[in-house]
file coords-v6.cif (mmCIF, C-alpha atoms, pLDDT in the B column; chains and numbers go by the auth columns)
data_entry
#
loop_
_atom_site.group_PDB
_atom_site.id
_atom_site.type_symbol
_atom_site.label_atom_id
_atom_site.label_comp_id
_atom_site.label_asym_id
_atom_site.label_seq_id
_atom_site.Cartn_x
_atom_site.Cartn_y
_atom_site.Cartn_z
_atom_site.B_iso_or_equiv
_atom_site.auth_seq_id
_atom_site.auth_asym_id
ATOM 1 C CA MET A 1 0.000 0.000 0.000 56.00 199 A
ATOM 2 C CA ILE A 2 1.048 3.559 -0.612 63.00 200 A
ATOM 3 C CA MET A 3 2.477 5.452 2.355 71.00 201 A
ATOM 4 C CA GLY A 4 0.773 3.250 4.915 83.00 202 A
ATOM 5 C CA LEU A 5 -2.751 4.323 3.974 89.00 203 A
ATOM 6 C CA PRO A 6 -5.561 2.269 5.472 95.00 204 A
ATOM 7 C CA ARG A 7 -6.867 -0.400 3.094 96.00 205 A
ATOM 8 C CA GLU A 8 -10.287 1.233 3.073 97.00 206 A
ATOM 9 C CA LEU A 9 -8.882 4.591 1.945 97.00 207 A
ATOM 10 C CA TYR A 10 -6.681 2.940 -0.666 96.00 208 A
ATOM 11 C CA THR A 11 -9.774 1.127 -1.987 97.00 209 A
ATOM 12 C CA MET A 12 -11.599 4.456 -2.253 98.00 210 A
ATOM 13 C CA LEU A 13 -8.674 6.028 -4.103 97.00 211 A
ATOM 14 C CA ILE A 14 -8.591 3.194 -6.654 97.00 212 A
ATOM 15 C CA ALA A 15 -12.350 3.615 -7.174 98.00 213 A
ATOM 16 C CA MET A 16 -11.924 7.350 -7.757 97.00 214 A
ATOM 17 C CA VAL A 17 -9.593 6.842 -10.749 96.00 215 A
ATOM 18 C CA PRO A 18 -11.421 7.087 -14.101 93.00 216 A
ATOM 19 C CA ILE A 19 -9.936 3.950 -15.661 90.00 217 A
ATOM 20 C CA SER A 20 -10.177 1.535 -12.749 94.00 218 A
ATOM 21 C CA GLU A 21 -13.270 2.754 -10.875 96.00 219 A
ATOM 22 C CA LEU A 22 -15.202 -0.165 -9.321 96.00 220 A
ATOM 23 C CA ARG A 23 -13.742 -2.656 -11.802 96.00 221 A
ATOM 24 C CA GLY A 24 -10.348 -2.208 -10.199 96.00 222 A
ATOM 25 C CA ALA A 25 -11.187 -1.257 -6.634 97.00 223 A
ATOM 26 C CA ILE A 26 -13.432 -4.170 -5.661 98.00 224 A
ATOM 27 C CA PRO A 27 -11.145 -6.974 -6.909 97.00 225 A
ATOM 28 C CA TRP A 28 -8.163 -5.240 -5.286 97.00 226 A
ATOM 29 C CA ALA A 29 -9.999 -4.814 -1.982 97.00 227 A
ATOM 30 C CA LEU A 30 -11.074 -8.461 -1.940 97.00 228 A
ATOM 31 C CA THR A 31 -7.629 -9.837 -2.795 96.00 229 A
ATOM 32 C CA SER A 32 -4.664 -7.578 -2.049 93.00 230 A
ATOM 33 C CA GLY A 33 -6.600 -5.334 0.327 94.00 231 A
ATOM 34 C CA GLY A 34 -7.896 -8.227 2.398 95.00 232 A
ATOM 35 C CA LEU A 35 -11.284 -6.610 2.951 97.00 233 A
ATOM 36 C CA GLY A 36 -14.517 -8.552 3.248 97.00 234 A
ATOM 37 C CA TRP A 37 -17.026 -8.161 0.452 97.00 235 A
ATOM 38 C CA GLU A 38 -19.146 -5.745 2.495 98.00 236 A
ATOM 39 C CA LYS A 39 -16.308 -3.283 3.064 98.00 237 A
ATOM 40 C CA ALA A 40 -14.984 -3.762 -0.461 98.00 238 A
ATOM 41 C CA TYR A 41 -18.402 -2.861 -1.870 98.00 239 A
ATOM 42 C CA LEU A 42 -19.028 0.035 0.515 98.00 240 A
ATOM 43 C CA PHE A 43 -15.664 1.778 0.184 98.00 241 A
ATOM 44 C CA SER A 44 -15.453 1.183 -3.572 98.00 242 A
ATOM 45 C CA CYS A 45 -18.919 2.629 -4.208 98.00 243 A
ATOM 46 C CA LEU A 46 -18.223 5.573 -1.926 98.00 244 A
ATOM 47 C CA GLY A 47 -14.888 6.281 -3.612 98.00 245 A
ATOM 48 C CA ASN A 48 -16.432 5.996 -7.065 98.00 246 A
ATOM 49 C CA PHE A 49 -19.208 8.422 -6.099 98.00 247 A
ATOM 50 C CA LEU A 50 -16.961 11.125 -4.563 98.00 248 A
ATOM 51 C CA PRO A 51 -15.842 12.717 -7.876 98.00 249 A
ATOM 52 C CA VAL A 52 -19.390 12.778 -9.288 98.00 250 A
ATOM 53 C CA ILE A 53 -20.654 15.913 -7.534 97.00 251 A
ATOM 54 C CA PRO A 54 -17.693 18.147 -8.453 98.00 252 A
ATOM 55 C CA LEU A 55 -17.694 16.748 -11.992 97.00 253 A
ATOM 56 C CA LEU A 56 -21.409 17.432 -12.471 97.00 254 A
ATOM 57 C CA LEU A 57 -21.067 20.934 -11.060 97.00 255 A
ATOM 58 C CA TYR A 58 -17.823 22.027 -12.695 97.00 256 A
ATOM 59 C CA LEU A 59 -17.337 20.064 -15.925 96.00 257 A
ATOM 60 C CA ASP A 60 -19.010 22.732 -18.044 95.00 258 A
ATOM 61 C CA PRO A 61 -17.222 25.820 -16.692 96.00 259 A
ATOM 62 C CA VAL A 62 -13.825 24.135 -16.282 96.00 260 A
ATOM 63 C CA SER A 63 -13.831 22.455 -19.704 94.00 261 A
ATOM 64 C CA GLY A 64 -14.934 25.707 -21.342 95.00 262 A
ATOM 65 C CA TRP A 65 -12.211 27.673 -19.584 97.00 263 A
ATOM 66 C CA LEU A 66 -9.526 25.099 -20.444 95.00 264 A
ATOM 67 C CA MET A 67 -10.598 24.920 -24.100 95.00 265 A
ATOM 68 C CA ARG A 68 -10.335 28.704 -24.409 96.00 266 A
ATOM 69 C CA ARG A 69 -6.839 28.675 -22.896 96.00 267 A
ATOM 70 C CA SER A 70 -5.147 25.778 -24.687 95.00 268 A
ATOM 71 C CA SER A 71 -5.370 24.104 -28.085 96.00 269 A
ATOM 72 C CA LEU A 72 -4.198 20.852 -26.453 96.00 270 A
ATOM 73 C CA MET A 73 -7.117 20.992 -23.994 96.00 271 A
ATOM 74 C CA ARG A 74 -9.482 21.926 -26.814 96.00 272 A
ATOM 75 C CA ARG A 75 -8.402 18.809 -28.767 96.00 273 A
ATOM 76 C CA PHE A 76 -8.636 16.653 -25.625 95.00 274 A
ATOM 77 C CA PHE A 77 -12.170 17.769 -24.744 94.00 275 A
ATOM 78 C CA HIS A 78 -13.353 17.470 -28.352 95.00 276 A
ATOM 79 C CA TRP A 79 -11.994 13.897 -28.397 95.00 277 A
ATOM 80 C CA LEU A 80 -13.528 13.077 -24.983 91.00 278 A
ATOM 81 C CA PHE A 81 -16.917 14.538 -25.821 93.00 279 A
ATOM 82 C CA ALA A 82 -17.058 12.868 -29.266 93.00 280 A
ATOM 83 C CA ARG A 83 -16.054 9.511 -27.755 89.00 281 A
ATOM 84 C CA THR A 84 -18.655 9.818 -25.010 90.00 282 A
ATOM 85 C CA ARG A 85 -21.402 10.847 -27.460 90.00 283 A
ATOM 86 C CA ARG A 86 -20.712 7.722 -29.560 89.00 284 A
ATOM 87 C CA ARG A 87 -21.051 5.469 -26.524 87.00 285 A
ATOM 88 C CA SER A 88 -23.967 7.121 -24.770 89.00 286 A
ATOM 89 C CA LYS A 89 -26.902 6.533 -27.120 89.00 287 A
ATOM 90 C CA VAL A 90 -28.879 4.877 -24.293 91.00 288 A
ATOM 91 C CA VAL A 91 -28.448 8.033 -22.194 93.00 289 A
ATOM 92 C CA GLU A 92 -29.635 10.255 -25.046 90.00 290 A
ATOM 93 C CA ARG A 93 -32.708 8.111 -25.572 92.00 291 A
ATOM 94 C CA TYR A 94 -33.764 7.307 -21.996 94.00 292 A
ATOM 95 C CA GLU A 95 -32.103 10.178 -20.084 93.00 293 A
ATOM 96 C CA ALA A 96 -31.906 9.434 -16.322 94.00 294 A
ATOM 97 C CA LEU A 97 -32.950 5.769 -16.711 96.00 295 A
ATOM 98 C CA GLY A 98 -30.441 5.387 -19.538 96.00 296 A
ATOM 99 C CA LEU A 99 -27.815 6.978 -17.321 97.00 297 A
ATOM 100 C CA ILE A 100 -28.446 4.360 -14.611 97.00 298 A
ATOM 101 C CA ILE A 101 -28.025 1.581 -17.172 96.00 299 A
ATOM 102 C CA PHE A 102 -24.947 3.207 -18.717 96.00 300 A
ATOM 103 C CA VAL A 103 -23.166 3.566 -15.379 97.00 301 A
ATOM 104 C CA ALA A 104 -24.302 0.152 -14.094 97.00 302 A
ATOM 105 C CA ILE A 105 -22.649 -1.793 -16.931 93.00 303 A
ATOM 106 C CA PRO A 106 -19.121 -2.454 -15.635 90.00 304 A
ATOM 107 C CA LEU A 107 -17.212 -2.194 -18.917 87.00 305 A
ATOM 108 C CA PRO A 108 -14.139 -0.076 -19.688 84.00 306 A
ATOM 109 C CA VAL A 109 -16.078 2.620 -21.580 83.00 307 A
ATOM 110 C CA THR A 110 -18.810 3.010 -18.969 90.00 308 A
ATOM 111 C CA GLY A 111 -18.915 4.039 -15.323 94.00 309 A
ATOM 112 C CA ALA A 112 -19.371 7.089 -13.166 97.00 310 A
ATOM 113 C CA TRP A 113 -16.816 9.295 -14.921 96.00 311 A
ATOM 114 C CA THR A 114 -18.090 8.634 -18.431 95.00 312 A
ATOM 115 C CA GLY A 115 -21.662 8.724 -17.157 96.00 313 A
ATOM 116 C CA THR A 116 -21.058 12.173 -15.718 97.00 314 A
ATOM 117 C CA VAL A 117 -19.708 13.388 -19.066 95.00 315 A
ATOM 118 C CA ALA A 118 -22.703 11.782 -20.815 96.00 316 A
ATOM 119 C CA ALA A 119 -25.114 13.525 -18.417 96.00 317 A
ATOM 120 C CA PHE A 120 -23.423 16.846 -19.163 95.00 318 A
ATOM 121 C CA LEU A 121 -23.489 16.288 -22.940 93.00 319 A
ATOM 122 C CA CYS A 122 -27.134 15.154 -22.912 94.00 320 A
ATOM 123 C CA GLY A 123 -28.197 18.115 -20.772 93.00 321 A
ATOM 124 C CA ILE A 124 -29.454 16.032 -17.852 95.00 322 A
ATOM 125 C CA ARG A 125 -29.905 18.372 -14.918 95.00 323 A
ATOM 126 C CA PHE A 126 -27.872 17.889 -11.730 97.00 324 A
ATOM 127 C CA TRP A 127 -30.739 16.667 -9.519 97.00 325 A
ATOM 128 C CA TYR A 128 -31.716 14.017 -12.095 97.00 326 A
ATOM 129 C CA ALA A 129 -28.164 12.990 -12.953 98.00 327 A
ATOM 130 C CA LEU A 130 -26.890 12.666 -9.380 98.00 328 A
ATOM 131 C CA PRO A 131 -29.288 9.929 -8.165 98.00 329 A
ATOM 132 C CA ALA A 132 -29.115 8.175 -11.537 98.00 330 A
ATOM 133 C CA ILE A 133 -25.330 7.971 -11.420 98.00 331 A
ATOM 134 C CA ALA A 134 -25.418 6.923 -7.751 98.00 332 A
ATOM 135 C CA SER A 135 -27.904 4.150 -8.591 98.00 333 A
ATOM 136 C CA GLY A 136 -25.721 3.012 -11.475 98.00 334 A
ATOM 137 C CA ILE A 137 -22.678 2.907 -9.194 98.00 335 A
ATOM 138 C CA LEU A 138 -24.525 0.792 -6.632 98.00 336 A
ATOM 139 C CA LEU A 139 -25.725 -1.635 -9.316 98.00 337 A
ATOM 140 C CA ALA A 140 -22.289 -1.859 -10.936 97.00 338 A
ATOM 141 C CA GLY A 141 -20.822 -2.499 -7.479 98.00 339 A
ATOM 142 C CA VAL A 142 -23.153 -5.466 -7.024 97.00 340 A
ATOM 143 C CA VAL A 143 -22.199 -6.895 -10.420 96.00 341 A
ATOM 144 C CA VAL A 144 -18.444 -6.438 -9.891 97.00 342 A
ATOM 145 C CA THR A 145 -18.601 -7.814 -6.329 97.00 343 A
ATOM 146 C CA LEU A 146 -20.535 -10.898 -7.414 96.00 344 A
ATOM 147 C CA ALA A 147 -18.184 -11.417 -10.361 94.00 345 A
ATOM 148 C CA SER A 148 -15.116 -10.979 -8.137 95.00 346 A
ATOM 149 C CA LEU A 149 -16.491 -13.544 -5.691 95.00 347 A
ATOM 150 C CA GLY A 150 -17.139 -15.956 -8.566 90.00 348 A
ATOM 151 C CA VAL A 151 -20.905 -15.930 -8.009 91.00 349 A
ATOM 152 C CA ILE A 152 -21.475 -14.733 -11.589 83.00 350 A
ATOM 153 C CA SER A 153 -19.221 -14.728 -14.607 73.00 351 A
ATOM 154 C CA ILE A 154 -18.893 -11.782 -16.951 62.00 352 A
ATOM 155 C CA ILE A 155 -17.956 -12.487 -20.538 52.00 353 A
#
call {"tool": "encode", "arguments": {"input": "coords-v6.cif", "output": "C-alpha cells"}}
result
Amino acid sequence: MIMGLPRELYTMLIAMVPISELRGAIPWALTSGGLGWEKAYLFSCLGNFLPVIPLLLYLDPVSGWLMRRSSLMRRFFHWLFARTRRRSKVVERYEALGLIIFVAIPLPVTGAWTGTVAAFLCGIRFWYALPAIASGILLAGVVVTLASLGVISII
C-alpha cells in the first residue's frame, strides 16, 4: 500500500480513478486489500461516487475555460466529448434511466466518470443525474462484487 494508507482509503482512491473505478477497486480490496465483500463494496462505491458531484457541477465551466486557454485541452475535450457521445446513445434516448443503465454496466467505456460526461453532454440536470449515477454505481458495485467472488461470470 502507498504510504501506509488504510486499506479502506486505498480502496476508495482506486475507485476514484477514471480507468479503474469499481472494476479495479473491488477486486483489489477483496484480494490484495484483504477486505470482506461488504467493506470492499461500501468503500469502492463511496470512492467511485466522490468525484461525481464536483464533476457534475464544474465540468461545463472548467472544460470551457480550459478549451479557451489551450489548443491541447481543446483537442482533448473534443476527443472526450465525441467519444462519449458515440457510446452514450442509451443516455440520449432514456435520459436518467439510460444513465443508470450506462453507469451500471461495468465495462471499460462506462462508469461514473463517463456517465457524468454523458449527463453533461445530454443536458441532464444535476438533480436528475446525481441519483441516476449513484444508482448506477450501486448496481455496478453489485455486479463487480458478485463477479469478483465468482458468483457470476462476466464475458
call {"tool": "resolve_selection", "arguments": {"input": "coords-v6.cif", "expression": "the PyMOL selection byres ((chain A and resi 315) around 8)", "output": "JSON, numbers by chain"}}
result
{"A": [254, 257, 279, 282, 311, 312, 313, 314, 316, 317, 318, 319]}
call {"tool": "resolve_selection", "arguments": {"input": "coords-v6.cif", "expression": "the PyMOL selection byres ((chain A and resi 322) around 12)", "output": "number ranges by chain"}}
result
A: 254-255, 289-297, 313-321, 323-331
call {"tool": "resolve_selection", "arguments": {"input": "coords-v6.cif", "expression": "the PyMOL selection byres ((chain A and resi 214-228) around 10)", "output": "tab-separated table (two decimals) with C-alpha atoms, in the coordinates of the input"}}
result
chain	number	residue	atom	x	y	z
A	205	ARG	CA	-6.87	-0.40	3.09
A	206	GLU	CA	-10.29	1.23	3.07
A	208	TYR	CA	-6.68	2.94	-0.67
A	209	THR	CA	-9.77	1.13	-1.99
A	210	MET	CA	-11.60	4.46	-2.25
A	211	LEU	CA	-8.67	6.03	-4.10
A	212	ILE	CA	-8.59	3.19	-6.65
A	213	ALA	CA	-12.35	3.62	-7.17
A	229	THR	CA	-7.63	-9.84	-2.80
A	230	SER	CA	-4.66	-7.58	-2.05
A	231	GLY	CA	-6.60	-5.33	0.33
A	232	GLY	CA	-7.90	-8.23	2.40
A	233	LEU	CA	-11.28	-6.61	2.95
A	234	GLY	CA	-14.52	-8.55	3.25
A	235	TRP	CA	-17.03	-8.16	0.45
A	236	GLU	CA	-19.15	-5.74	2.50
A	237	LYS	CA	-16.31	-3.28	3.06
A	238	ALA	CA	-14.98	-3.76	-0.46
A	239	TYR	CA	-18.40	-2.86	-1.87
A	240	LEU	CA	-19.03	0.04	0.52
A	241	PHE	CA	-15.66	1.78	0.18
A	242	SER	CA	-15.45	1.18	-3.57
A	243	CYS	CA	-18.92	2.63	-4.21
A	244	LEU	CA	-18.22	5.57	-1.93
A	245	GLY	CA	-14.89	6.28	-3.61
A	246	ASN	CA	-16.43	6.00	-7.06
A	247	PHE	CA	-19.21	8.42	-6.10
A	248	LEU	CA	-16.96	11.12	-4.56
A	249	PRO	CA	-15.84	12.72	-7.88
A	250	VAL	CA	-19.39	12.78	-9.29
A	304	PRO	CA	-19.12	-2.45	-15.64
A	305	LEU	CA	-17.21	-2.19	-18.92
A	306	PRO	CA	-14.14	-0.08	-19.69
A	307	VAL	CA	-16.08	2.62	-21.58
A	308	THR	CA	-18.81	3.01	-18.97
A	309	GLY	CA	-18.92	4.04	-15.32
A	310	ALA	CA	-19.37	7.09	-13.17
A	311	TRP	CA	-16.82	9.30	-14.92
A	312	THR	CA	-18.09	8.63	-18.43
A	335	ILE	CA	-22.68	2.91	-9.19
A	336	LEU	CA	-24.52	0.79	-6.63
A	338	ALA	CA	-22.29	-1.86	-10.94
A	339	GLY	CA	-20.82	-2.50	-7.48
A	340	VAL	CA	-23.15	-5.47	-7.02
A	341	VAL	CA	-22.20	-6.90	-10.42
A	342	VAL	CA	-18.44	-6.44	-9.89
A	343	THR	CA	-18.60	-7.81	-6.33
A	344	LEU	CA	-20.54	-10.90	-7.41
A	345	ALA	CA	-18.18	-11.42	-10.36
A	346	SER	CA	-15.12	-10.98	-8.14
A	347	LEU	CA	-16.49	-13.54	-5.69
call {"tool": "atom_distance", "arguments": {"input": "coords-v6.cif", "atom1": "atom CA of A:Gly262", "atom2": "atom CA of A:Val288"}}
result
25.2 Å
call {"tool": "atom_distance", "arguments": {"input": "coords-v6.cif", "atom1": "atom CA of A:Ala332", "atom2": "atom CA of A:Ile299"}}
result
11.1 Å
call {"tool": "atom_distance", "arguments": {"input": "coords-v6.cif", "atom1": "atom CA of A:Arg273", "atom2": "atom CA of A:Ser261"}}
result
11.2 Å
call {"tool": "build_atoms", "arguments": {"input": "coords-v6.cif", "residues": "stretch 315-350 of chain A", "atoms": "N, CA and C atoms", "output": "PDB file, in the frame of the given file"}}
result
ATOM      1  N   VAL A 315     -19.906  12.660 -17.807  1.00 95.00           N
ATOM      2  CA  VAL A 315     -19.708  13.388 -19.066  1.00 95.00           C
ATOM      3  C   VAL A 315     -20.944  13.230 -19.956  1.00 95.00           C
ATOM      4  N   ALA A 316     -21.496  12.018 -20.013  1.00 96.00           N
ATOM      5  CA  ALA A 316     -22.703  11.782 -20.815  1.00 96.00           C
ATOM      6  C   ALA A 316     -23.875  12.618 -20.303  1.00 96.00           C
ATOM      7  N   ALA A 317     -24.038  12.703 -18.995  1.00 96.00           N
ATOM      8  CA  ALA A 317     -25.114  13.525 -18.417  1.00 96.00           C
ATOM      9  C   ALA A 317     -24.944  14.984 -18.822  1.00 96.00           C
ATOM     10  N   PHE A 318     -23.723  15.470 -18.763  1.00 95.00           N
ATOM     11  CA  PHE A 318     -23.423  16.846 -19.163  1.00 95.00           C
ATOM     12  C   PHE A 318     -23.753  17.054 -20.641  1.00 95.00           C
ATOM     13  N   LEU A 319     -23.288  16.143 -21.498  1.00 93.00           N
ATOM     14  CA  LEU A 319     -23.489  16.288 -22.940  1.00 93.00           C
ATOM     15  C   LEU A 319     -24.959  16.169 -23.342  1.00 93.00           C
ATOM     16  N   CYS A 320     -25.710  15.351 -22.602  1.00 94.00           N
ATOM     17  CA  CYS A 320     -27.134  15.154 -22.912  1.00 94.00           C
ATOM     18  C   CYS A 320     -28.026  16.172 -22.214  1.00 94.00           C
ATOM     19  N   GLY A 321     -27.430  17.063 -21.428  1.00 93.00           N
ATOM     20  CA  GLY A 321     -28.197  18.115 -20.772  1.00 93.00           C
ATOM     21  C   GLY A 321     -29.071  17.627 -19.626  1.00 93.00           C
ATOM     22  N   ILE A 322     -28.677  16.535 -18.989  1.00 95.00           N
ATOM     23  CA  ILE A 322     -29.454  16.032 -17.852  1.00 95.00           C
ATOM     24  C   ILE A 322     -29.112  16.889 -16.638  1.00 95.00           C
ATOM     25  N   ARG A 323     -30.115  17.459 -16.039  1.00 95.00           N
ATOM     26  CA  ARG A 323     -29.905  18.372 -14.918  1.00 95.00           C
ATOM     27  C   ARG A 323     -29.311  17.646 -13.710  1.00 95.00           C
ATOM     28  N   PHE A 324     -28.610  18.400 -12.893  1.00 97.00           N
ATOM     29  CA  PHE A 324     -27.872  17.889 -11.730  1.00 97.00           C
ATOM     30  C   PHE A 324     -28.729  16.973 -10.859  1.00 97.00           C
ATOM     31  N   TRP A 325     -29.925  17.427 -10.482  1.00 97.00           N
ATOM     32  CA  TRP A 325     -30.739  16.667  -9.519  1.00 97.00           C
ATOM     33  C   TRP A 325     -31.360  15.414 -10.123  1.00 97.00           C
ATOM     34  N   TYR A 326     -31.313  15.272 -11.454  1.00 97.00           N
ATOM     35  CA  TYR A 326     -31.716  14.017 -12.095  1.00 97.00           C
ATOM     36  C   TYR A 326     -30.493  13.126 -12.294  1.00 97.00           C
ATOM     37  N   ALA A 327     -29.383  13.745 -12.673  1.00 98.00           N
ATOM     38  CA  ALA A 327     -28.164  12.990 -12.953  1.00 98.00           C
ATOM     39  C   ALA A 327     -27.556  12.383 -11.690  1.00 98.00           C
ATOM     40  N   LEU A 328     -27.549  13.134 -10.610  1.00 98.00           N
ATOM     41  CA  LEU A 328     -26.890  12.666  -9.380  1.00 98.00           C
ATOM     42  C   LEU A 328     -27.460  11.342  -8.865  1.00 98.00           C
ATOM     43  N   PRO A 329     -28.781  11.221  -8.643  1.00 98.00           N
ATOM     44  CA  PRO A 329     -29.288   9.929  -8.165  1.00 98.00           C
ATOM     45  C   PRO A 329     -29.184   8.826  -9.219  1.00 98.00           C
ATOM     46  N   ALA A 330     -29.246   9.185 -10.488  1.00 98.00           N
ATOM     47  CA  ALA A 330     -29.115   8.175 -11.537  1.00 98.00           C
ATOM     48  C   ALA A 330     -27.708   7.588 -11.543  1.00 98.00           C
ATOM     49  N   ILE A 331     -26.710   8.446 -11.445  1.00 98.00           N
ATOM     50  CA  ILE A 331     -25.330   7.971 -11.420  1.00 98.00           C
ATOM     51  C   ILE A 331     -25.075   7.175 -10.142  1.00 98.00           C
ATOM     52  N   ALA A 332     -25.582   7.657  -9.014  1.00 98.00           N
ATOM     53  CA  ALA A 332     -25.418   6.923  -7.751  1.00 98.00           C
ATOM     54  C   ALA A 332     -26.053   5.538  -7.848  1.00 98.00           C
ATOM     55  N   SER A 333     -27.238   5.447  -8.424  1.00 98.00           N
ATOM     56  CA  SER A 333     -27.904   4.150  -8.591  1.00 98.00           C
ATOM     57  C   SER A 333     -27.094   3.235  -9.497  1.00 98.00           C
ATOM     58  N   GLY A 334     -26.563   3.793 -10.570  1.00 98.00           N
ATOM     59  CA  GLY A 334     -25.721   3.012 -11.475  1.00 98.00           C
ATOM     60  C   GLY A 334     -24.473   2.491 -10.789  1.00 98.00           C
ATOM     61  N   ILE A 335     -23.863   3.326  -9.949  1.00 98.00           N
ATOM     62  CA  ILE A 335     -22.678   2.907  -9.194  1.00 98.00           C
ATOM     63  C   ILE A 335     -23.026   1.740  -8.273  1.00 98.00           C
ATOM     64  N   LEU A 336     -24.124   1.862  -7.557  1.00 98.00           N
ATOM     65  CA  LEU A 336     -24.525   0.792  -6.632  1.00 98.00           C
ATOM     66  C   LEU A 336     -24.791  -0.514  -7.374  1.00 98.00           C
ATOM     67  N   LEU A 337     -25.460  -0.431  -8.520  1.00 98.00           N
ATOM     68  CA  LEU A 337     -25.725  -1.635  -9.316  1.00 98.00           C
ATOM     69  C   LEU A 337     -24.439  -2.228  -9.886  1.00 98.00           C
ATOM     70  N   ALA A 338     -23.570  -1.379 -10.411  1.00 97.00           N
ATOM     71  CA  ALA A 338     -22.289  -1.859 -10.936  1.00 97.00           C
ATOM     72  C   ALA A 338     -21.470  -2.502  -9.817  1.00 97.00           C
ATOM     73  N   GLY A 339     -21.532  -1.924  -8.620  1.00 98.00           N
ATOM     74  CA  GLY A 339     -20.822  -2.499  -7.479  1.00 98.00           C
ATOM     75  C   GLY A 339     -21.296  -3.902  -7.159  1.00 98.00           C
ATOM     76  N   VAL A 340     -22.602  -4.122  -7.257  1.00 97.00           N
ATOM     77  CA  VAL A 340     -23.153  -5.466  -7.024  1.00 97.00           C
ATOM     78  C   VAL A 340     -22.615  -6.431  -8.074  1.00 97.00           C
ATOM     79  N   VAL A 341     -22.658  -6.023  -9.335  1.00 96.00           N
ATOM     80  CA  VAL A 341     -22.199  -6.895 -10.420  1.00 96.00           C
ATOM     81  C   VAL A 341     -20.717  -7.229 -10.260  1.00 96.00           C
ATOM     82  N   VAL A 342     -19.888  -6.213 -10.017  1.00 97.00           N
ATOM     83  CA  VAL A 342     -18.444  -6.438  -9.891  1.00 97.00           C
ATOM     84  C   VAL A 342     -18.131  -7.273  -8.651  1.00 97.00           C
ATOM     85  N   THR A 343     -18.829  -7.023  -7.551  1.00 97.00           N
ATOM     86  CA  THR A 343     -18.601  -7.814  -6.329  1.00 97.00           C
ATOM     87  C   THR A 343     -18.963  -9.265  -6.565  1.00 97.00           C
ATOM     88  N   LEU A 344     -20.126  -9.521  -7.148  1.00 96.00           N
ATOM     89  CA  LEU A 344     -20.535 -10.898  -7.414  1.00 96.00           C
ATOM     90  C   LEU A 344     -19.588 -11.580  -8.398  1.00 96.00           C
ATOM     91  N   ALA A 345     -19.136 -10.842  -9.409  1.00 94.00           N
ATOM     92  CA  ALA A 345     -18.184 -11.417 -10.361  1.00 94.00           C
ATOM     93  C   ALA A 345     -16.838 -11.696  -9.693  1.00 94.00           C
ATOM     94  N   SER A 346     -16.407 -10.795  -8.830  1.00 95.00           N
ATOM     95  CA  SER A 346     -15.116 -10.979  -8.137  1.00 95.00           C
ATOM     96  C   SER A 346     -15.161 -12.151  -7.176  1.00 95.00           C
ATOM     97  N   LEU A 347     -16.336 -12.404  -6.615  1.00 95.00           N
ATOM     98  CA  LEU A 347     -16.491 -13.544  -5.691  1.00 95.00           C
ATOM     99  C   LEU A 347     -16.755 -14.845  -6.439  1.00 95.00           C
ATOM    100  N   GLY A 348     -16.899 -14.761  -7.767  1.00 90.00           N
ATOM    101  CA  GLY A 348     -17.139 -15.956  -8.566  1.00 90.00           C
ATOM    102  C   GLY A 348     -18.586 -16.410  -8.564  1.00 90.00           C
ATOM    103  N   VAL A 349     -19.480 -15.577  -8.055  1.00 91.00           N
ATOM    104  CA  VAL A 349     -20.905 -15.930  -8.009  1.00 91.00           C
ATOM    105  C   VAL A 349     -21.503 -15.848  -9.420  1.00 91.00           C
ATOM    106  N   ILE A 350     -21.061 -14.847 -10.187  1.00 83.00           N
ATOM    107  CA  ILE A 350     -21.475 -14.733 -11.589  1.00 83.00           C
ATOM    108  C   ILE A 350     -20.226 -14.598 -12.437  1.00 83.00           C
TER     109      ILE A 350
END
